file entry.pdb (PDB, C-alpha atoms, pLDDT in the B column)
ATOM      1  CA  MET V   1       3.199-105.064  98.813  1.00 50.00           C
ATOM      2  CA  VAL V   2       5.893-103.862  96.391  1.00 53.00           C
ATOM      3  CA  ASP V   3       8.573-101.524  97.681  1.00 56.00           C
ATOM      4  CA  PRO V   4       8.275 -98.254  95.693  1.00 55.00           C
ATOM      5  CA  GLY V   5      12.077 -97.993  95.632  1.00 55.00           C
ATOM      6  CA  LEU V   6      12.268-101.162  93.514  1.00 54.00           C
ATOM      7  CA  ILE V   7       9.972 -99.837  90.768  1.00 57.00           C
ATOM      8  CA  LYS V   8      11.993 -98.185  88.046  1.00 57.00           C
ATOM      9  CA  SER V   9      10.905 -94.728  87.091  1.00 56.00           C
ATOM     10  CA  LYS V  10      10.395 -93.829  83.444  1.00 57.00           C
ATOM     11  CA  GLU V  11      12.360 -90.622  84.017  1.00 58.00           C
ATOM     12  CA  PRO V  12      16.040 -90.877  83.122  1.00 58.00           C
ATOM     13  CA  GLN V  13      18.177 -91.032  86.221  1.00 60.00           C
ATOM     14  CA  ARG V  14      20.622 -88.199  86.589  1.00 51.00           C
ATOM     15  CA  ARG V  15      24.227 -88.619  87.535  1.00 59.00           C
ATOM     16  CA  GLN V  16      25.615 -87.222  90.731  1.00 70.00           C
ATOM     17  CA  GLY V  17      26.874 -83.677  90.452  1.00 71.00           C
ATOM     18  CA  ASN V  18      24.850 -80.718  89.292  1.00 73.00           C
ATOM     19  CA  PRO V  19      21.181 -81.795  89.470  1.00 76.00           C
ATOM     20  CA  ALA V  20      20.111 -78.834  87.307  1.00 75.00           C
ATOM     21  CA  TRP V  21      22.252 -80.016  84.377  1.00 75.00           C
ATOM     22  CA  THR V  22      20.542 -81.967  81.621  1.00 80.00           C
ATOM     23  CA  PRO V  23      21.955 -83.248  78.341  1.00 81.00           C
ATOM     24  CA  GLY V  24      22.058 -80.473  75.759  1.00 83.00           C
ATOM     25  CA  CYS V  25      22.122 -77.569  78.184  1.00 82.00           C
ATOM     26  CA  LYS V  26      24.984 -75.068  78.354  1.00 81.00           C
ATOM     27  CA  SER V  27      27.932 -76.170  80.472  1.00 78.00           C
ATOM     28  CA  PRO V  28      28.101 -74.505  83.900  1.00 74.00           C
ATOM     29  CA  ASN V  29      31.910 -74.651  83.607  1.00 78.00           C
ATOM     30  CA  PRO V  30      32.829 -73.813  80.002  1.00 80.00           C
ATOM     31  CA  SER V  31      36.533 -73.383  80.775  1.00 83.00           C
ATOM     32  CA  GLY V  32      36.735 -76.915  82.168  1.00 80.00           C
ATOM     33  CA  ARG V  33      38.611 -78.232  85.166  1.00 78.00           C
ATOM     34  CA  PRO V  34      41.090 -75.706  86.565  1.00 80.00           C
ATOM     35  CA  LYS V  35      44.766 -76.506  85.989  1.00 83.00           C
ATOM     36  CA  GLY V  36      46.584 -78.166  88.872  1.00 80.00           C
ATOM     37  CA  ILE V  37      43.648 -80.210  90.154  1.00 82.00           C
ATOM     38  CA  VAL V  38      44.674 -83.873  90.111  1.00 80.00           C
ATOM     39  CA  ASP V  39      42.099 -86.519  89.232  1.00 84.00           C
ATOM     40  CA  LYS V  40      41.170 -88.915  92.092  1.00 88.00           C
ATOM     41  CA  ARG V  41      42.135 -91.933  89.994  1.00 90.00           C
ATOM     42  CA  ALA V  42      45.527 -90.407  89.247  1.00 88.00           C
ATOM     43  CA  LYS V  43      46.084 -89.816  92.965  1.00 88.00           C
ATOM     44  CA  LEU V  44      45.198 -93.426  93.780  1.00 90.00           C
ATOM     45  CA  SER V  45      47.423 -94.750  90.984  1.00 89.00           C
ATOM     46  CA  LYS V  46      50.346 -92.643  92.204  1.00 88.00           C
ATOM     47  CA  GLN V  47      49.847 -93.844  95.782  1.00 89.00           C
ATOM     48  CA  MET V  48      49.707 -97.476  94.656  1.00 88.00           C
ATOM     49  CA  LEU V  49      52.877 -97.054  92.599  1.00 89.00           C
ATOM     50  CA  ASP V  50      54.613 -95.426  95.569  1.00 90.00           C
ATOM     51  CA  ASP V  51      53.648 -98.379  97.789  1.00 89.00           C
ATOM     52  CA  ALA V  52      54.406-101.030  95.154  1.00 88.00           C
ATOM     53  CA  ASN V  53      58.065-101.525  96.130  1.00 89.00           C
ATOM     54  CA  GLY V  54      57.131-102.175  99.755  1.00 91.00           C
ATOM     55  CA  ILE V  55      54.367-104.587  98.753  1.00 88.00           C
ATOM     56  CA  VAL V  56      56.685-106.494  96.443  1.00 89.00           C
ATOM     57  CA  SER V  57      59.330-106.700  99.181  1.00 91.00           C
ATOM     58  CA  VAL V  58      56.811-108.107 101.667  1.00 93.00           C
ATOM     59  CA  MET V  59      55.537-110.670  99.152  1.00 91.00           C
ATOM     60  CA  VAL V  60      59.064-111.798  98.279  1.00 92.00           C
ATOM     61  CA  GLU V  61      59.891-112.093 102.001  1.00 94.00           C
ATOM     62  CA  LYS V  62      56.803-114.220 102.615  1.00 94.00           C
ATOM     63  CA  ALA V  63      57.644-116.381  99.603  1.00 92.00           C
ATOM     64  CA  LEU V  64      61.162-116.932 100.939  1.00 94.00           C
ATOM     65  CA  GLU V  65      59.683-117.892 104.328  1.00 94.00           C
ATOM     66  CA  GLY V  66      57.719-120.658 102.632  1.00 94.00           C
ATOM     67  CA  ASP V  67      54.335-119.096 101.912  1.00 93.00           C
ATOM     68  CA  THR V  68      53.357-120.983  98.746  1.00 93.00           C
ATOM     69  CA  GLY V  69      50.599-118.528  97.840  1.00 92.00           C
ATOM     70  CA  ALA V  70      53.043-115.631  97.942  1.00 90.00           C
ATOM     71  CA  ALA V  71      55.613-117.667  96.017  1.00 91.00           C
ATOM     72  CA  SER V  72      53.042-118.522  93.355  1.00 90.00           C
ATOM     73  CA  LEU V  73      52.035-114.880  92.994  1.00 88.00           C
ATOM     74  CA  VAL V  74      55.636-113.656  92.767  1.00 88.00           C
ATOM     75  CA  LEU V  75      56.626-116.325  90.259  1.00 87.00           C
ATOM     76  CA  SER V  76      53.540-115.760  88.113  1.00 87.00           C
ATOM     77  CA  ARG V  77      54.549-112.110  87.756  1.00 85.00           C
ATOM     78  CA  VAL V  78      58.236-112.771  87.162  1.00 85.00           C
ATOM     79  CA  LEU V  79      58.110-115.826  84.905  1.00 84.00           C
ATOM     80  CA  PRO V  80      55.482-116.014  82.161  1.00 77.00           C
ATOM     81  CA  ALA V  81      53.467-119.188  81.769  1.00 77.00           C
ATOM     82  CA  LEU V  82      55.157-121.689  79.506  1.00 74.00           C
ATOM     83  CA  LYS V  83      53.462-122.106  76.163  1.00 74.00           C
ATOM     84  CA  SER V  84      53.989-125.042  73.927  1.00 68.00           C
ATOM     85  CA  GLN V  85      55.988-124.246  70.847  1.00 68.00           C
ATOM     86  CA  SER V  86      55.604-126.258  67.714  1.00 70.00           C
ATOM     87  CA  GLU V  87      58.632-127.676  66.031  1.00 76.00           C
ATOM     88  CA  ARG V  88      59.009-127.838  62.309  1.00 82.00           C
ATOM     89  CA  VAL V  89      57.895-131.205  60.973  1.00 84.00           C
ATOM     90  CA  LEU V  90      58.464-132.942  57.669  1.00 87.00           C
ATOM     91  CA  PHE V  91      56.040-135.477  56.242  1.00 87.00           C
ATOM     92  CA  GLU V  92      54.523-136.404  52.899  1.00 88.00           C
ATOM     93  CA  PHE V  93      51.915-133.775  52.099  1.00 90.00           C
ATOM     94  CA  ASP V  94      50.359-132.826  48.784  1.00 91.00           C
ATOM     95  CA  ALA V  95      48.716-129.410  49.092  1.00 88.00           C
ATOM     96  CA  THR V  96      47.109-129.810  45.661  1.00 89.00           C
ATOM     97  CA  ALA V  97      45.218-132.951  46.715  1.00 92.00           C
ATOM     98  CA  PRO V  98      41.520-132.764  47.629  1.00 92.00           C
ATOM     99  CA  VAL V  99      40.816-131.698  51.209  1.00 92.00           C
ATOM    100  CA  VAL V 100      39.883-135.219  52.308  1.00 94.00           C
ATOM    101  CA  LYS V 101      43.212-136.576  51.038  1.00 94.00           C
ATOM    102  CA  GLN V 102      45.111-133.748  52.771  1.00 94.00           C
ATOM    103  CA  VAL V 103      43.501-134.589  56.109  1.00 95.00           C
ATOM    104  CA  GLU V 104      44.218-138.283  55.538  1.00 95.00           C
ATOM    105  CA  GLN V 105      47.883-137.417  54.962  1.00 95.00           C
ATOM    106  CA  VAL V 106      48.003-135.527  58.257  1.00 95.00           C
ATOM    107  CA  LEU V 107      46.304-138.387  60.118  1.00 94.00           C
ATOM    108  CA  ALA V 108      48.788-140.846  58.618  1.00 94.00           C
ATOM    109  CA  ALA V 109      51.663-138.614  59.792  1.00 94.00           C
ATOM    110  CA  ILE V 110      50.183-138.535  63.298  1.00 93.00           C
ATOM    111  CA  ALA V 111      49.777-142.316  63.299  1.00 94.00           C
ATOM    112  CA  SER V 112      53.378-142.846  62.192  1.00 93.00           C
ATOM    113  CA  GLY V 113      54.697-140.475  64.861  1.00 90.00           C
ATOM    114  CA  ALA V 114      56.055-137.893  62.406  1.00 91.00           C
ATOM    115  CA  VAL V 115      53.623-135.262  63.723  1.00 91.00           C
ATOM    116  CA  ALA V 116      52.480-134.704  67.312  1.00 90.00           C
ATOM    117  CA  PRO V 117      48.695-135.009  67.788  1.00 91.00           C
ATOM    118  CA  ASP V 118      48.262-131.399  68.952  1.00 89.00           C
ATOM    119  CA  LEU V 119      50.219-130.098  65.970  1.00 90.00           C
ATOM    120  CA  GLY V 120      48.262-132.402  63.664  1.00 92.00           C
ATOM    121  CA  LYS V 121      45.054-130.910  65.015  1.00 94.00           C
ATOM    122  CA  GLN V 122      46.335-127.426  64.203  1.00 92.00           C
ATOM    123  CA  ILE V 123      47.246-128.499  60.670  1.00 93.00           C
ATOM    124  CA  VAL V 124      43.804-130.057  60.123  1.00 96.00           C
ATOM    125  CA  GLU V 125      42.146-126.859  61.416  1.00 96.00           C
ATOM    126  CA  ALA V 126      44.265-124.817  58.998  1.00 94.00           C
ATOM    127  CA  ILE V 127      43.250-127.094  56.125  1.00 95.00           C
ATOM    128  CA  HIS V 128      39.606-126.665  57.133  1.00 95.00           C
ATOM    129  CA  ALA V 129      39.929-122.866  57.254  1.00 95.00           C
ATOM    130  CA  LEU V 130      41.591-122.768  53.840  1.00 93.00           C
ATOM    131  CA  SER V 131      38.971-125.050  52.307  1.00 93.00           C
ATOM    132  CA  SER V 132      36.198-122.814  53.690  1.00 95.00           C
ATOM    133  CA  ILE V 133      37.841-119.768  52.142  1.00 94.00           C
ATOM    134  CA  ARG V 134      38.196-121.587  48.811  1.00 92.00           C
ATOM    135  CA  ALA V 135      34.520-122.602  48.926  1.00 93.00           C
ATOM    136  CA  VAL V 136      33.454-118.992  49.413  1.00 95.00           C
ATOM    137  CA  GLU V 137      35.662-117.879  46.520  1.00 95.00           C
ATOM    138  CA  GLU V 138      34.188-120.560  44.259  1.00 94.00           C
ATOM    139  CA  LEU V 139      30.643-119.504  45.169  1.00 95.00           C
ATOM    140  CA  GLU V 140      31.489-115.878  44.416  1.00 95.00           C
ATOM    141  CA  GLN V 141      32.884-116.880  41.019  1.00 94.00           C
ATOM    142  CA  ARG V 142      29.774-118.933  40.236  1.00 94.00           C
ATOM    143  CA  ILE V 143      27.499-116.043  41.158  1.00 94.00           C
ATOM    144  CA  VAL V 144      29.487-113.642  38.972  1.00 93.00           C
ATOM    145  CA  SER V 145      29.368-116.024  36.002  1.00 93.00           C
ATOM    146  CA  LEU V 146      25.616-116.578  36.442  1.00 92.00           C
ATOM    147  CA  GLU V 147      24.991-112.837  36.597  1.00 92.00           C
ATOM    148  CA  GLU V 148      27.069-112.346  33.428  1.00 91.00           C
ATOM    149  CA  LYS V 149      25.038-115.007  31.603  1.00 90.00           C
ATOM    150  CA  GLN V 150      21.738-113.335  32.573  1.00 89.00           C
ATOM    151  CA  ALA V 151      22.929-109.855  31.565  1.00 75.00           C
TER     152      ALA V 151
END

call {"tool": "encode", "arguments": {"input": "entry.pdb", "output": "structure tokens"}}
result
Amino acid sequence: MVDPGLIKSKEPQRRQGNPAWTPGCKSPNPSGRPKGIVDKRAKLSKQMLDDANGIVSVMVEKALEGDTGAASLVLSRVLPALKSQSERVLFEFDATAPVVKQVEQVLAAIASGAVAPDLGKQIVEAIHALSSIRAVEELEQRIVSLEEKQA
């Protein structure tokens, strides 16, 4: 037997609050929330900010005592994760060459050690993106010229 509470009703469910209110009806409080009443979320945020210094102090103390979890948490907030930074590289590259030749030039630079593999991958992806953009532009130009011929 199916529990009637599990069957969804076709009637729209109403939010908590005034059960007589429906969308489109006149507001029971046209002047809005009275001034001076603080939102519950704002109260919680203020309390958490007030307690934050104590929490940080406890976590730093635990980290100094040798708690690796606390140390990891403190360090992750203080020091950002290291990101690899690409250095400028110089190698033979002809940007006017066909796309296949450009990629071959990058692969040759990787093979010779002039370009790091991860940087080479980024360069090849950039070449691919540019060639895709060029292909779209060429198609647009062809369509325009065909439409002009038919007109």

call {"tool": "closest_atom_pairs", "arguments": {"input": "entry.pdb", "of": "region 30-122 of chain V", "to": "region 129-134 of chain V", "cutoff": "12 Å", "atoms": "all atoms listed in the file", "output": "tab-separated table"}}
result
residue	atom	partner	partner_atom	distance
V:Ala95	CA	V:Leu130	CA	10.8
V:Thr96	CA	V:Ser131	CA	11.5
V:Ala97	CA	V:Ser131	CA	11.5
V:Pro98	CA	V:Ser131	CA	9.4
V:Val99	CA	V:Ser131	CA	7.0
V:Val100	CA	V:Ser131	CA	10.2
V:Gln102	CA	V:Ser131	CA	10.7
V:Val103	CA	V:Ser131	CA	11.2
V:Gln122	CA	V:Ala129	CA	10.5

call {"tool": "atom_distance", "arguments": {"input": "entry.pdb", "atom1": "CA of Glu92 (chain V)", "atom2": "CA of Val106 (chain V)"}}
result
8.5 Å

call {"tool": "resolve_selection", "arguments": {"input": "entry.pdb", "expression": "the PyMOL selection byres ((chain V and resi 88) around 12)", "output": "compact mmCIF listing (two decimals) with C-alpha atoms, keeping the file's coordinate frame"}}
result
# COMPACT_ATOMS: atom_id res chain seq x y z
CA GLN V 85 55.99 -124.25 70.85
CA SER V 86 55.60 -126.26 67.71
CA GLU V 87 58.63 -127.68 66.03
CA VAL V 89 57.90 -131.21 60.97
CA LEU V 90 58.46 -132.94 57.67
CA PHE V 91 56.04 -135.48 56.24
CA ALA V 114 56.06 -137.89 62.41
CA VAL V 115 53.62 -135.26 63.72
CA ALA V 116 52.48 -134.70 67.31
CA LEU V 119 50.22 -130.10 65.97
CA GLY V 120 48.26 -132.40 63.66
CA ILE V 123 47.25 -128.50 60.67

call {"tool": "resolve_selection", "arguments": {"input": "entry.pdb", "expression": "the PyMOL selection byres ((chain V and resi 53-62) around 12)", "output": "PyMOL selection string"}}
result
chain V and resi 47-52+63-75+77-78

call {"tool": "write_last_selection", "arguments": {"input": "entry.pdb", "atoms": "C-alpha atoms", "output": "compact mmCIF listing (two decimals), keeping the file's coordinate frame"}}
result
# COMPACT_ATOMS: atom_id res chain seq x y z
CA GLN V 47 49.85 -93.84 95.78
CA MET V 48 49.71 -97.48 94.66
CA LEU V 49 52.88 -97.05 92.60
CA ASP V 50 54.61 -95.43 95.57
CA ASP V 51 53.65 -98.38 97.79
CA ALA V 52 54.41 -101.03 95.15
CA ALA V 63 57.64 -116.38 99.60
CA LEU V 64 61.16 -116.93 100.94
CA GLU V 65 59.68 -117.89 104.33
CA GLY V 66 57.72 -120.66 102.63
CA ASP V 67 54.34 -119.10 101.91
CA THR V 68 53.36 -120.98 98.75
CA GLY V 69 50.60 -118.53 97.84
CA ALA V 70 53.04 -115.63 97.94
CA ALA V 71 55.61 -117.67 96.02
CA SER V 72 53.04 -118.52 93.36
CA LEU V 73 52.04 -114.88 92.99
CA VAL V 74 55.64 -113.66 92.77
CA LEU V 75 56.63 -116.32 90.26
CA ARG V 77 54.55 -112.11 87.76
CA VAL V 78 58.24 -112.77 87.16

call {"tool": "atom_distance", "arguments": {"input": "entry.pdb", "atom1": "CA of Val38 (chain V)", "atom2": "CA of Gln16 (chain V)"}}
result
19.4 Å

call {"tool": "atom_distance", "arguments": {"input": "entry.pdb", "atom1": "CA of Phe93 (chain V)", "atom2": "CA of Gln105 (chain V)"}}
result
6.1 Å

call {"tool": "axis_aligned_box", "arguments": {"input": "entry.pdb", "around": "region 67-77 of chain V", "padding_each_side": "6 Å", "output": "JSON"}}
result
{"center_x": 53.6, "center_y": -116.5, "center_z": 94.8, "size_x": 18.0, "size_y": 20.9, "size_z": 26.2}

call {"tool": "decode", "arguments": {"input": "entry.pdb", "residues": "region 122-135 of chain V", "atoms": "N, CA and C atoms", "output": "tab-separated table (two decimals), in the first residue's frame"}}
result
chain	number	residue	atom	x	y	z
V	122	GLN	N	49.27	23.84	-24.00
V	122	GLN	CA	48.51	25.08	-24.00
V	122	GLN	C	48.64	25.80	-25.35
V	123	ILE	N	49.84	25.80	-25.91
V	123	ILE	CA	50.04	26.46	-27.20
V	123	ILE	C	49.24	25.75	-28.29
V	124	VAL	N	49.27	24.41	-28.29
V	124	VAL	CA	48.51	23.65	-29.29
V	124	VAL	C	47.01	23.92	-29.13
V	125	GLU	N	46.52	24.00	-27.89
V	125	GLU	CA	45.10	24.30	-27.67
V	125	GLU	C	44.76	25.70	-28.17
V	126	ALA	N	45.67	26.65	-28.00
V	126	ALA	CA	45.44	28.00	-28.50
V	126	ALA	C	45.41	28.01	-30.03
V	127	ILE	N	46.29	27.25	-30.65
V	127	ILE	CA	46.30	27.15	-32.11
V	127	ILE	C	44.97	26.56	-32.59
V	128	HIS	N	44.51	25.53	-31.89
V	128	HIS	CA	43.24	24.89	-32.25
V	128	HIS	C	42.09	25.88	-32.13
V	129	ALA	N	42.05	26.64	-31.05
V	129	ALA	CA	40.97	27.61	-30.85
V	129	ALA	C	40.99	28.67	-31.96
V	130	LEU	N	42.17	29.16	-32.28
V	130	LEU	CA	42.29	30.17	-33.33
V	130	LEU	C	41.88	29.61	-34.69
V	131	SER	N	42.27	28.37	-34.97
V	131	SER	CA	41.89	27.78	-36.26
V	131	SER	C	40.38	27.57	-36.34
V	132	SER	N	39.74	27.24	-35.23
V	132	SER	CA	38.28	27.09	-35.22
V	132	SER	C	37.61	28.42	-35.50
V	133	ILE	N	38.13	29.48	-34.90
V	133	ILE	CA	37.57	30.82	-35.12
V	133	ILE	C	37.74	31.22	-36.59
V	134	ARG	N	38.92	30.94	-37.14
V	134	ARG	CA	39.17	31.27	-38.55
V	134	ARG	C	38.22	30.49	-39.47
V	135	ALA	N	37.97	29.23	-39.12
V	135	ALA	CA	37.07	28.40	-39.95
V	135	ALA	C	35.67	28.98	-39.95
